[in-house]
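**Student:** Here it is, the structure in full.
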Amino acid sequence: EPYLASPFEVNTKNPLNSDYMKPKRWYISGGGVVDSSRILTLIFNEAPDLIKPIYNFLGVSKVQEMKEAVKIAESLNNSNAEIALRFRTMIIKTPLLQTNDDEAVSRTKFINKSMNNLGSLLLMDNEEFIETITPLSGLDKIQDLALQNVAASAYIPRNKLLGDEPSGFSSGEFTIKNYYDTIESLQNTILKPFVLKIAQIILFSLGYDLELDFDFSPVAQESAKEKAERENLATDKIVKLYTNSIIDGEQAFKIAKNDGLVANNEVFAFDEVDDEPSDTETENLINEVLNNAEKTE
């Protein structure tokens, strides 16, 4: 963790050198001083160079990025709660100089205790009753904006972070898609090189000199509608290629199978001769592909 390590030897003075802001040695809690060649750092949010010497070299955590927004949201929530409990104030204009202090205090306490919808209030001739009410409209929008800032500081859609339903005419799909795109970008630019480096070290230690590569599974899950539309387009393409004699029946079947339009356990018999297939065979193959697409849809 960032708080368990700090740079022990680093060039923070000369930006013209290639090792500027690159620690040569680290001090690790419980491990002492360690050379930088023995450490692999995984940093998603780099800290600015201006505050690195007084902060840390291992990036800024998501919690720290959210701290100020969460603090403001919590403060607004507490303030709104206070306003909701004290939105009504009762004022009695009275000549206090003609009233005993102890009597005024005890009278005020009695009024506060007995004040309800069935209570009555007695006033003297020279007293005036005034009631002020603080409007509560707009407080929900202020609180909502504060929560929106919390979600923005976390780079997480609000409906995922807070579990809210999308408001207005938006379904939230566009926001979720941008969120998934951000995750995939971090996976490919930061996480993938880090994983490949570790895997390469393991292979070298086992005596293998191989170049590895891999792809992350898609973050977004394809909906049933999107899957059906994709398979229908692929089926139409195969049918057109086959109808125009660009591919034969066996090639059409292989393409359909590779695209997942035909189950792996389905078997079709094809003649080994290069003769054109009959109209019945063509019709049967097309119907089979179309039926599989309909079942998927």
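Each chain of the structure tokens is named A, B, ... in the order shown, its residues numbered from 1; ligands are numbered from 1 in display order.
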At most 10 Å is the cut-off: for each residue in region 186-205 of chain A with any atom that close to an atom of region 39-52 of chain A, write down the nearest atom pair and the distance in Å rounded to one decimal, counting only C-alpha atoms, chain first then increasing number, as a Markdown table.

**Tutor:**
```
| residue | atom | partner | partner_atom | distance |
| --- | --- | --- | --- | --- |
| A:Leu186 | CA | A:Phe44 | CA | 7.7 |
| A:Thr189 | CA | A:Phe44 | CA | 9.7 |
| A:Ile190 | CA | A:Phe44 | CA | 7.0 |
| A:Leu191 | CA | A:Leu42 | CA | 7.7 |
| A:Pro193 | CA | A:Leu42 | CA | 9.9 |
| A:Phe194 | CA | A:Leu42 | CA | 7.0 |
| A:Val195 | CA | A:Leu42 | CA | 9.8 |
| A:Lys197 | CA | A:Leu40 | CA | 9.0 |
| A:Ile198 | CA | A:Leu40 | CA | 8.6 |
```

**Student:** So which bits of region 91-159 of chain A end up alpha helix (DSSP H) when you DSSP the backbone, as a PyMOL selection string?

**Tutor:** chain A and resi 101-114+139-154+158-159

**Student:** Suppose you want the space between CA of Ile238 (chain A) and CA of Ile255 (chain A); what is it in Å?

**Tutor:**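 Computing the Euclidean distance for CA of Ile238 (chain A) and CA of Ile255 (chain A) yields 7.6 Å.
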
**Student:** Quick check for you: according to DSSP on this backbone, which residues of region 4-250 of chain A are classed as strand (DSSP E or B)? Reply as a PyMOL selection string.

**Tutor:** chain A and resi 5-9+11+20+25-28+32-35+88-93+128-133

**Student:** What would the file look like if the residues just selected were written as an mmCIF file, in the first residue's frame with C-alpha atoms?

**Tutor:**
```cif
data_model
loop_
_atom_site.group_PDB
_atom_site.id
_atom_site.type_symbol
_atom_site.label_atom_id
_atom_site.label_comp_id
_atom_site.auth_asym_id
_atom_site.auth_seq_id
_atom_site.Cartn_x
_atom_site.Cartn_y
_atom_site.Cartn_z
ATOM 1 C CA ALA A 5 6.471 2.647 1.190
ATOM 2 C CA SER A 6 8.380 5.864 0.581
ATOM 3 C CA PRO A 7 11.263 6.832 -1.733
ATOM 4 C CA PHE A 8 14.631 6.583 -0.017
ATOM 5 C CA GLU A 9 16.848 7.963 -2.792
ATOM 6 C CA ASN A 11 16.379 13.031 -7.740
ATOM 7 C CA TYR A 20 14.054 12.920 -12.352
ATOM 8 C CA ARG A 25 15.754 2.966 -3.726
ATOM 9 C CA TRP A 26 12.659 2.571 -1.563
ATOM 10 C CA TYR A 27 12.094 2.260 2.151
ATOM 11 C CA ILE A 28 9.415 -0.337 2.859
ATOM 12 C CA GLY A 32 14.033 -1.771 5.098
ATOM 13 C CA VAL A 33 15.713 -0.227 2.063
ATOM 14 C CA VAL A 34 15.044 -2.000 -1.249
ATOM 15 C CA ASP A 35 16.430 -1.263 -4.717
ATOM 16 C CA ARG A 88 -40.790 26.889 11.795
ATOM 17 C CA THR A 89 -39.997 29.653 14.301
ATOM 18 C CA MET A 90 -42.482 31.323 16.669
ATOM 19 C CA ILE A 91 -41.835 34.919 17.746
ATOM 20 C CA ILE A 92 -43.702 36.913 20.383
ATOM 21 C CA LYS A 93 -43.140 40.652 20.432
ATOM 22 C CA GLU A 128 -47.773 40.434 19.030
ATOM 23 C CA PHE A 129 -47.480 36.880 17.705
ATOM 24 C CA ILE A 130 -45.367 36.228 14.568
ATOM 25 C CA GLU A 131 -44.596 32.859 12.936
ATOM 26 C CA THR A 132 -41.808 32.472 10.377
ATOM 27 C CA ILE A 133 -41.464 29.419 8.146
#
```

**Student:** Restricting the calculation to only C-alpha atoms, which member of A:Asn258, A:Asn178, A:Ser36, A:Thr134 is positioned closest to Arg86 (chain A)?

**Tutor:** A:Thr134

**Student:** Can you pull out the residues contacting region 80-85 of chain A? Cut-off 9 Å, using only C-alpha atoms, and skip same-chain residues under 5 positions away; I want them as a PyMOL selection string.

**Tutor:** chain A and resi 75+134+136+139-140+143

**Student:** Near Glu68 (chain A), counting only C-alpha atoms, which residues have an atom at most 12 Å away, once you skip same-chain residues fewer than 5 positions from it, shown as a short mmCIF file (atom, residue, chain, number, x, y, z; two decimals) with N, CA and C atoms, in the first residue's frame?

**Tutor:**
```cif
data_model
loop_
_atom_site.label_atom_id
_atom_site.label_comp_id
_atom_site.auth_asym_id
_atom_site.auth_seq_id
_atom_site.Cartn_x
_atom_site.Cartn_y
_atom_site.Cartn_z
N LYS A 62 -8.45 6.51 -4.81
CA LYS A 62 -9.79 6.95 -5.17
C LYS A 62 -10.51 7.60 -3.99
N VAL A 63 -10.25 7.08 -2.79
CA VAL A 63 -10.90 7.64 -1.60
C VAL A 63 -10.45 9.08 -1.36
N ALA A 73 -21.03 16.79 0.68
CA ALA A 73 -22.34 16.11 0.66
C ALA A 73 -22.81 15.81 2.08
N GLU A 74 -21.91 15.37 2.94
CA GLU A 74 -22.29 15.07 4.32
C GLU A 74 -22.67 16.33 5.07
N SER A 75 -21.95 17.42 4.83
CA SER A 75 -22.26 18.68 5.49
C SER A 75 -23.63 19.19 5.06
N ALA A 146 -25.01 17.57 -4.80
CA ALA A 146 -23.86 17.16 -4.01
C ALA A 146 -23.55 15.68 -4.22
N LEU A 147 -24.59 14.84 -4.28
CA LEU A 147 -24.38 13.42 -4.54
C LEU A 147 -23.87 13.18 -5.95
N ASN A 149 -21.86 15.18 -7.51
CA ASN A 149 -20.43 15.51 -7.45
C ASN A 149 -19.63 14.36 -6.83
N VAL A 150 -20.23 13.66 -5.87
CA VAL A 150 -19.55 12.49 -5.28
C VAL A 150 -19.33 11.42 -6.35
N ALA A 151 -20.36 11.15 -7.14
CA ALA A 151 -20.23 10.16 -8.22
C ALA A 151 -19.22 10.60 -9.26
N ALA A 152 -19.20 11.89 -9.57
CA ALA A 152 -18.25 12.41 -10.56
C ALA A 152 -16.81 12.29 -10.05
N SER A 153 -16.60 12.56 -8.76
CA SER A 153 -15.25 12.46 -8.21
C SER A 153 -14.75 11.03 -8.19
N ALA A 154 -15.68 10.06 -8.15
CA ALA A 154 -15.29 8.64 -8.15
C ALA A 154 -15.19 8.07 -9.55
#
```
